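**Student:** I'd like to ask some things about the structure below.
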Amino acid sequence: MEKILEVKNLSVSFDSPKGEVQAVRDVSFSLKKGEVLAIVGESGCGKSVLCKSIMKLLPKSARIKGGSILVNGADITGYKERDMAKIRGKVFSMIFQDPMTSLNPTIKIGEQIAEAILIHHRKKTKDQVYKKVIELMELVGIERPQERYHACPYHFSGGMRQRSVMAIALASDPDILFADEPTTALDVTIQAQILDLLREIQEKLGTATVLVSHDLGVVARAADRVAVMYAGKIVEIGTAEEIYYDPRHPYTWGLMQSLPYFSRGREQLYTIPGMPPSLINPPKGDAYAARNEYALGIDYEEMPPMFQISDTHYAATWLLDKRAPRIIPPVGGKRIEYRSIG
């Protein structure tokens, strides 16, 4: 399947009073047409910054230090704001975490969706725009759209506001949709509905989706592939089945163990010990070493490369080196002992 997005060795930093914050460090991944890629990890690991870097929605203190961003084969790394304004909405769009901060509380929902349509389709007539708004509201599951066209955001629940934001993001039929923790502020039942809706939209429109979350359990029902981020780097990537049933990185094990499913019979949920490192001065070697109960001596000295496990599954851990001791993973259906990967 054709690659619609390809990120190669991307590094992004922020200038701060305390020094350079290395928010994204040498990240590479690709996205195919119609695919749902989930990016998961703890808060502060660089997930949102990665997505905003691709869309060039970063503050002035941020800079792309290296790497390239290819969209439909075109390198947009050096694009200025004028160039980006032409492709935002048409090529890619974004759903942000809190819908209430994305919507104007004083303007009717239908008018806000119409505005998003007119930005890229100025020649549409008033009737054509209205018809498109109603179609989008129906697509995202807003019932009685003709009536709710005239409602303001404060008339809607959190789930309805998120659906409205999704309609705005889809107004120009983007090729790529970034969903930045779209279920964070919603209760569990509504979370499931929004994730199912994202999947339905992907199947109907063929839109490639990058779904950002801190919860592996949330993305399980929606993702085709999963990338696990830690300290600004992708430490494991593979199909959803490979990540959930055959995880190889100790950080992925920690995230999996933190799910309620793995805490059945226990009094407390498992928590990963320690705290993520500062990205002003990232630690030498593997950034996860200080929190990793399986850490080897080399983890404190040298950063692990990406080891290939299968054609689609990669992980950056020295446990996959042929010289590493054999470890039985604490989670994962296959319970594989680590040996040489060949």
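By order of appearance in the structure tokens: chains A, B, ..., then residues from 1 within every chain, and ligands from 1 in the order shown.
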Env of stretch 82-91 of chain A: 9 Å cut, atoms = only C-alpha atoms, seq-sep filter 2 positions within chain, self excluded. Answer as a list in words.

**Tutor:**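 Contacts, in chain order: Met55, Lys56, Val71, Ile76, Tyr79, Lys80, Ser93, Met94, Ala116, Ile119, His120, Ala169, Leu170, Ala171, Ser172, Asp173, Pro174, Asp175, Ile176 and Leu177 of chain A.
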
**Student:** Output the selection as a compact mmCIF listing (two decimals), in the first residue's frame - N, CA and C atoms for each residue.

**Tutor:**
```txt
# COMPACT_ATOMS: atom_id res chain seq x y z
N MET A 55 2.61 19.24 11.13
CA MET A 55 1.68 20.26 10.65
C MET A 55 2.24 21.67 10.77
N LYS A 56 3.45 21.79 11.33
CA LYS A 56 4.09 23.10 11.56
C LYS A 56 3.20 24.02 12.41
N VAL A 71 5.25 14.18 2.48
CA VAL A 71 3.80 14.00 2.38
C VAL A 71 3.46 13.78 0.91
N ILE A 76 8.15 18.48 2.79
CA ILE A 76 7.59 19.74 3.31
C ILE A 76 8.40 20.29 4.48
N TYR A 79 8.98 23.98 4.34
CA TYR A 79 7.84 24.83 3.98
C TYR A 79 7.66 25.97 4.98
N LYS A 80 7.38 27.18 4.45
CA LYS A 80 7.06 28.33 5.29
C LYS A 80 5.56 28.33 5.59
N SER A 93 -5.36 17.36 8.78
CA SER A 93 -6.13 18.15 9.73
C SER A 93 -5.94 17.53 11.11
N MET A 94 -6.37 18.27 12.15
CA MET A 94 -6.08 17.82 13.51
C MET A 94 -7.28 17.99 14.43
N ALA A 116 -14.99 26.33 8.23
CA ALA A 116 -13.90 25.43 7.86
C ALA A 116 -14.02 24.97 6.41
N ILE A 119 -12.99 28.02 3.91
CA ILE A 119 -11.57 28.37 3.86
C ILE A 119 -10.91 27.78 2.61
N HIS A 120 -11.31 26.54 2.26
CA HIS A 120 -10.70 25.87 1.11
C HIS A 120 -11.64 25.74 -0.09
N ALA A 169 -12.70 19.18 11.47
CA ALA A 169 -11.44 18.61 10.97
C ALA A 169 -11.62 17.91 9.63
N LEU A 170 -12.82 17.37 9.40
CA LEU A 170 -13.09 16.63 8.16
C LEU A 170 -13.69 17.49 7.06
N ALA A 171 -13.84 18.80 7.33
CA ALA A 171 -14.56 19.69 6.41
C ALA A 171 -13.95 19.74 5.02
N SER A 172 -12.64 19.58 4.89
CA SER A 172 -12.00 19.67 3.57
C SER A 172 -11.48 18.32 3.08
N ASP A 173 -12.05 17.23 3.61
CA ASP A 173 -11.70 15.88 3.17
C ASP A 173 -10.19 15.64 3.20
N PRO A 174 -9.55 15.77 4.37
CA PRO A 174 -8.09 15.62 4.45
C PRO A 174 -7.66 14.18 4.18
N ASP A 175 -6.42 14.04 3.70
CA ASP A 175 -5.85 12.72 3.48
C ASP A 175 -5.39 12.10 4.80
N ILE A 176 -4.93 12.96 5.73
CA ILE A 176 -4.39 12.50 7.01
C ILE A 176 -5.09 13.25 8.14
N LEU A 177 -5.52 12.50 9.14
CA LEU A 177 -6.19 13.09 10.30
C LEU A 177 -5.37 12.79 11.55
```

**Student:** Residues near A:Gln193, anyone? I mean within 10 Å using only C-alpha atoms, not counting same-chain ones fewer than 5 positions away, as an MDAnalysis selection string.

**Tutor:** chainID A and resid 141 159 183 188 198:199

**Student:** Report as CSV the residues of stretch 129-235 of chain A within 8 Å of stretch 252-258 of chain A, each with its shortest atom pair and distance in Å (one decimal), using only C-alpha atoms, ordered by chain and increasing residue number.

**Tutor:**
```
residue,atom,partner,partner_atom,distance
A:Asp215,CA,A:Leu255,CA,7.8
A:Leu216,CA,A:Leu255,CA,6.9
A:Val228,CA,A:Thr252,CA,7.0
```

**Student:** Keeping N, CA and C atoms, export the residues of the selection given above as a short mmCIF file (atom, residue, chain, number, x, y, z; two decimals), in the first residue's frame.

**Tutor:**
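Okay, out-v3.cif is ready:
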```cif
data_model
loop_
_atom_site.label_atom_id
_atom_site.label_comp_id
_atom_site.auth_asym_id
_atom_site.auth_seq_id
_atom_site.Cartn_x
_atom_site.Cartn_y
_atom_site.Cartn_z
N ASP A 215 -2.77 5.89 26.73
CA ASP A 215 -3.39 4.67 27.24
C ASP A 215 -3.42 3.59 26.15
N LEU A 216 -2.64 2.54 26.34
CA LEU A 216 -2.64 1.43 25.38
C LEU A 216 -4.01 0.78 25.26
N VAL A 228 5.24 3.04 20.14
CA VAL A 228 5.40 3.38 21.55
C VAL A 228 6.53 4.40 21.67
#
```

**Student:** Rounded to one decimal, what separation in Å do you get between atom CA of A:Val140 and atom CA of A:Ile194?

**Tutor:**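 Distance between the two atoms: 8.9 Å.
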
**Student:** When DSSP works through the backbone of this structure, what residues of stretch 36-255 of chain A end up as strand (DSSP E), shown as a PyMOL selection string?

**Tutor:** chain A and resi 36-40+62-71+74-75+92-95+176-180+208-213+225-230+233-239

**Student:** Using only C-alpha atoms, which residues sit within 10 Å of A:Pro182 once same-chain residues fewer than 6 positions away are excluded, as a ChimeraX atom specification?

**Tutor:** /A:94-99,159,162-163,165-166,191,194-195,198,211-213

**Student:** Export C-alpha atoms of the chosen residues as a PDB file, in the first residue's frame?

**Tutor:**
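Saved file result_17.pdb follows:
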```
ATOM      1  CA  MET A  94      -6.081  17.815  13.512  1.00  0.00           C
ATOM      2  CA  ILE A  95      -8.501  17.045  16.341  1.00  0.00           C
ATOM      3  CA  PHE A  96      -7.225  18.565  19.589  1.00  0.00           C
ATOM      4  CA  GLN A  97      -7.608  17.261  23.143  1.00  0.00           C
ATOM      5  CA  ASP A  98     -10.191  19.657  24.592  1.00  0.00           C
ATOM      6  CA  PRO A  99     -13.060  20.448  22.193  1.00  0.00           C
ATOM      7  CA  GLY A 159     -19.023  13.952  23.458  1.00  0.00           C
ATOM      8  CA  GLN A 162     -15.883  16.362  20.229  1.00  0.00           C
ATOM      9  CA  ARG A 163     -18.073  15.194  17.339  1.00  0.00           C
ATOM     10  CA  VAL A 165     -14.642  19.271  16.286  1.00  0.00           C
ATOM     11  CA  MET A 166     -14.307  16.097  14.215  1.00  0.00           C
ATOM     12  CA  GLN A 191     -14.582   7.252  24.707  1.00  0.00           C
ATOM     13  CA  ILE A 194     -15.619   8.328  19.663  1.00  0.00           C
ATOM     14  CA  LEU A 195     -13.001   5.655  18.896  1.00  0.00           C
ATOM     15  CA  LEU A 198     -12.943   7.418  14.144  1.00  0.00           C
ATOM     16  CA  LEU A 211      -4.221   8.526  16.972  1.00  0.00           C
ATOM     17  CA  VAL A 212      -2.296   9.906  19.956  1.00  0.00           C
ATOM     18  CA  SER A 213      -2.942   8.507  23.438  1.00  0.00           C
TER      19      SER A 213
END
```

**Student:** Based on DSSP run over this structure's backbone, return all residues of stretch 122-263 of chain A in helix (DSSP H, G or I), as JSON, numbers by chain.

**Tutor:** {"A": [126, 127, 128, 129, 130, 131, 132, 133, 134, 135, 136, 137, 138, 139, 145, 146, 147, 148, 153, 154, 155, 158, 159, 160, 161, 162, 163, 164, 165, 166, 167, 168, 169, 188, 189, 190, 191, 192, 193, 194, 195, 196, 197, 198, 199, 200, 201, 202, 203, 204, 205, 216, 217, 218, 219, 240, 241, 242, 243, 244, 245, 250, 251, 252, 253, 254, 255, 256, 257, 260, 261, 262, 263]}

**Student:** Write the residues of the preceding selection, restricted to C-alpha atoms, as an mmCIF file, in the first residue's frame.

**Tutor:**
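The resulting file, again_20.cif, is shown below:
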```cif
data_model
loop_
_atom_site.group_PDB
_atom_site.id
_atom_site.type_symbol
_atom_site.label_atom_id
_atom_site.label_comp_id
_atom_site.auth_asym_id
_atom_site.auth_seq_id
_atom_site.Cartn_x
_atom_site.Cartn_y
_atom_site.Cartn_z
ATOM 1 C CA LYS A 126 -24.545 29.079 0.516
ATOM 2 C CA ASP A 127 -26.839 26.111 -0.198
ATOM 3 C CA GLN A 128 -23.880 23.857 -1.084
ATOM 4 C CA VAL A 129 -22.091 24.789 2.115
ATOM 5 C CA TYR A 130 -25.214 24.169 4.218
ATOM 6 C CA LYS A 131 -25.723 20.783 2.588
ATOM 7 C CA LYS A 132 -22.069 19.847 3.261
ATOM 8 C CA VAL A 133 -22.393 20.905 6.923
ATOM 9 C CA ILE A 134 -25.461 18.690 7.380
ATOM 10 C CA GLU A 135 -23.619 15.764 5.736
ATOM 11 C CA LEU A 136 -20.639 16.217 8.049
ATOM 12 C CA MET A 137 -22.831 16.425 11.146
ATOM 13 C CA GLU A 138 -24.568 13.214 10.119
ATOM 14 C CA LEU A 139 -21.206 11.573 9.377
ATOM 15 C CA PRO A 145 -28.427 18.139 12.357
ATOM 16 C CA GLN A 146 -30.856 20.718 10.893
ATOM 17 C CA GLU A 147 -31.948 21.588 14.429
ATOM 18 C CA ARG A 148 -28.497 21.437 16.013
ATOM 19 C CA PRO A 153 -21.107 24.697 21.940
ATOM 20 C CA TYR A 154 -22.388 25.232 25.504
ATOM 21 C CA HIS A 155 -25.615 23.478 24.508
ATOM 22 C CA GLY A 158 -18.449 16.802 25.883
ATOM 23 C CA GLY A 159 -19.023 13.952 23.458
ATOM 24 C CA MET A 160 -21.175 16.100 21.172
ATOM 25 C CA ARG A 161 -18.577 18.879 21.199
ATOM 26 C CA GLN A 162 -15.883 16.362 20.229
ATOM 27 C CA ARG A 163 -18.073 15.194 17.339
ATOM 28 C CA SER A 164 -18.422 18.821 16.238
ATOM 29 C CA VAL A 165 -14.642 19.271 16.286
ATOM 30 C CA MET A 166 -14.307 16.097 14.215
ATOM 31 C CA ALA A 167 -16.741 17.527 11.660
ATOM 32 C CA ILE A 168 -14.612 20.690 11.408
ATOM 33 C CA ALA A 169 -11.440 18.613 10.967
ATOM 34 C CA VAL A 188 -15.469 5.555 29.302
ATOM 35 C CA THR A 189 -18.710 4.946 27.379
ATOM 36 C CA ILE A 190 -18.284 8.076 25.236
ATOM 37 C CA GLN A 191 -14.582 7.252 24.707
ATOM 38 C CA ALA A 192 -15.594 3.972 23.072
ATOM 39 C CA GLN A 193 -18.153 5.734 20.877
ATOM 40 C CA ILE A 194 -15.619 8.328 19.663
ATOM 41 C CA LEU A 195 -13.001 5.655 18.896
ATOM 42 C CA ASP A 196 -15.538 3.567 17.007
ATOM 43 C CA LEU A 197 -16.563 6.704 15.122
ATOM 44 C CA LEU A 198 -12.943 7.418 14.144
ATOM 45 C CA ARG A 199 -12.687 3.882 12.803
ATOM 46 C CA GLU A 200 -15.951 4.211 10.871
ATOM 47 C CA ILE A 201 -14.788 7.483 9.307
ATOM 48 C CA GLN A 202 -11.492 5.894 8.305
ATOM 49 C CA GLU A 203 -13.347 3.037 6.619
ATOM 50 C CA LYS A 204 -15.877 5.311 4.859
ATOM 51 C CA LEU A 205 -13.505 8.030 3.672
ATOM 52 C CA LEU A 216 -2.638 1.428 25.377
ATOM 53 C CA GLY A 217 -6.076 0.137 26.338
ATOM 54 C CA VAL A 218 -7.854 3.039 24.612
ATOM 55 C CA VAL A 219 -6.241 2.527 21.206
ATOM 56 C CA ALA A 240 -1.481 -3.882 16.972
ATOM 57 C CA GLU A 241 -1.387 -7.667 17.317
ATOM 58 C CA GLU A 242 2.416 -7.681 17.681
ATOM 59 C CA ILE A 243 2.434 -4.916 20.292
ATOM 60 C CA TYR A 244 -0.393 -6.379 22.382
ATOM 61 C CA TYR A 245 0.460 -10.078 22.136
ATOM 62 C CA PRO A 250 10.450 -3.253 28.741
ATOM 63 C CA TYR A 251 8.657 0.103 28.568
ATOM 64 C CA THR A 252 5.841 -1.499 26.549
ATOM 65 C CA TRP A 253 5.660 -4.215 29.203
ATOM 66 C CA GLY A 254 5.262 -1.509 31.849
ATOM 67 C CA LEU A 255 2.450 0.203 29.934
ATOM 68 C CA MET A 256 0.711 -3.127 29.412
ATOM 69 C CA GLN A 257 1.013 -4.085 33.088
ATOM 70 C CA PRO A 260 -6.596 -2.826 34.733
ATOM 71 C CA TYR A 261 -6.838 -6.186 32.925
ATOM 72 C CA PHE A 262 -3.402 -7.210 34.212
ATOM 73 C CA SER A 263 -4.207 -6.141 37.774
#
```

**Student:** Suppose you want the space between atom CA of A:Pro304 and atom CA of A:Gly46; what is it in Å?

**Tutor:**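 Between atom CA of A:Pro304 and atom CA of A:Gly46 the gap is 18.9 Å.
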
**Student:** Show which residues sit within 8 Å of A:Glu6, as a CSV table (one decimal) with C-alpha atoms, in the first residue's frame. Count only C-alpha atoms, and ignore same-chain residues fewer than 5 positions away.

**Tutor:**
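Contents of the output file around.csv:
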```
chain,number,residue,atom,x,y,z
A,28,SER,CA,11.2,7.7,11.9
A,29,PHE,CA,7.9,6.2,10.8
A,30,SER,CA,5.6,5.9,7.9
A,31,LEU,CA,1.8,6.0,7.4
A,69,ILE,CA,8.9,15.1,6.4
A,70,LEU,CA,7.5,13.6,3.2
A,71,VAL,CA,3.8,14.0,2.4
```

**Student:** Would you please work out which residue, of A:Ile142, A:Val7, A:Ala315, A:Leu50, is nearest to A:Asn72 when using only C-alpha atoms?

**Tutor:**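 When distances to A:Asn72 are compared using only C-alpha atoms, the smallest one comes from A:Val7.
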
**Student:** Which residues are near A:Gly297? Cut-off 12 Å, only C-alpha atoms, ignore same chain within fewer than 3 positions. Put them as a list in words.

**Tutor:**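 Residues near the query, excluding close chain neighbours: Lys284, Gly285, Asp286, Ala289, Ala290, Asn292, Glu293, Tyr294, Tyr300, Glu301, Glu302, Met303, Pro304, Trp318, Leu319, Ala324 and Pro325 of chain A.
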
**Student:** Which residues of stretch 246-329 of chain A come within 12 Å of stretch 12-16 of chain A, and for each one, what is the closest pair of atoms and their distance in Å to one decimal, counting only C-alpha atoms, sorted by chain and residue number, as a tab-separated table?

**Tutor:**
```
residue	atom	partner	partner_atom	distance
A:Leu279	CA	A:Ser13	CA	9.4
A:Ile280	CA	A:Ser16	CA	9.0
A:Asn281	CA	A:Ser13	CA	11.9
```

**Student:** Can you list, as a list in words, every protein, DNA or RNA residue that comes within 7 Å of A:Tyr314 when you count only C-alpha atoms, leaving out same-chain residues fewer than 4 positions away?

**Tutor:**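 The residues satisfying every condition are Glu236, Ile237, Gly238, Met306, Phe307, Gln308 and Ile309 of chain A.
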
**Student:** Output the selection as a tab-separated table (two decimals), in the first residue's frame - N, CA and C atoms for each residue.

**Tutor:**
```tsv
chain	number	residue	atom	x	y	z
A	236	GLU	N	9.38	1.26	20.23
A	236	GLU	CA	8.85	0.01	19.66
A	236	GLU	C	7.73	0.37	18.70
A	237	ILE	N	7.68	-0.35	17.58
A	237	ILE	CA	6.61	-0.13	16.60
A	237	ILE	C	6.29	-1.46	15.93
A	238	GLY	N	5.01	-1.67	15.71
A	238	GLY	CA	4.58	-2.92	15.07
A	238	GLY	C	3.08	-2.91	14.86
A	306	MET	N	17.50	0.11	16.67
A	306	MET	CA	16.22	-0.56	16.42
A	306	MET	C	16.49	-1.97	15.91
A	307	PHE	N	16.16	-2.97	16.71
A	307	PHE	CA	16.31	-4.36	16.29
A	307	PHE	C	15.05	-4.80	15.54
A	308	GLN	N	15.23	-5.53	14.45
A	308	GLN	CA	14.09	-6.02	13.68
A	308	GLN	C	13.66	-7.38	14.19
A	309	ILE	N	12.39	-7.50	14.52
A	309	ILE	CA	11.82	-8.76	15.01
A	309	ILE	C	11.07	-9.47	13.89
```

**Student:** So how many Å separate atom CA of A:Ala316 and atom CA of A:Lys233, to one decimal?

**Tutor:**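 Atom-to-atom, atom CA of A:Ala316 and atom CA of A:Lys233 are spaced 9.5 Å apart.
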
**Student:** Taking only C-alpha atoms into account, name the residue in A:Lys3, A:His150, A:Arg248, A:Lys32 that is nearest to A:Asp224.

**Tutor:** A:Lys32

**Student:** Neighbours of A:Arg63 within 12 Å (only C-alpha atoms; same-chain residues fewer than 2 positions away dropped), as a list in words?

**Tutor:**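 Listed by chain and then number, they are Leu10, Ser11, Val12, Ser13, Phe14, Asp15, Ser16, Glu20, Val21, Gln22, Ala23, Val24, Val49, Leu50, Lys52, Ser53, Ile54, Lys56, Leu57, Leu58, Pro59, Lys60, Ser61, Lys65, Gly66, Gly67, Thr77 and Gly78 of chain A.
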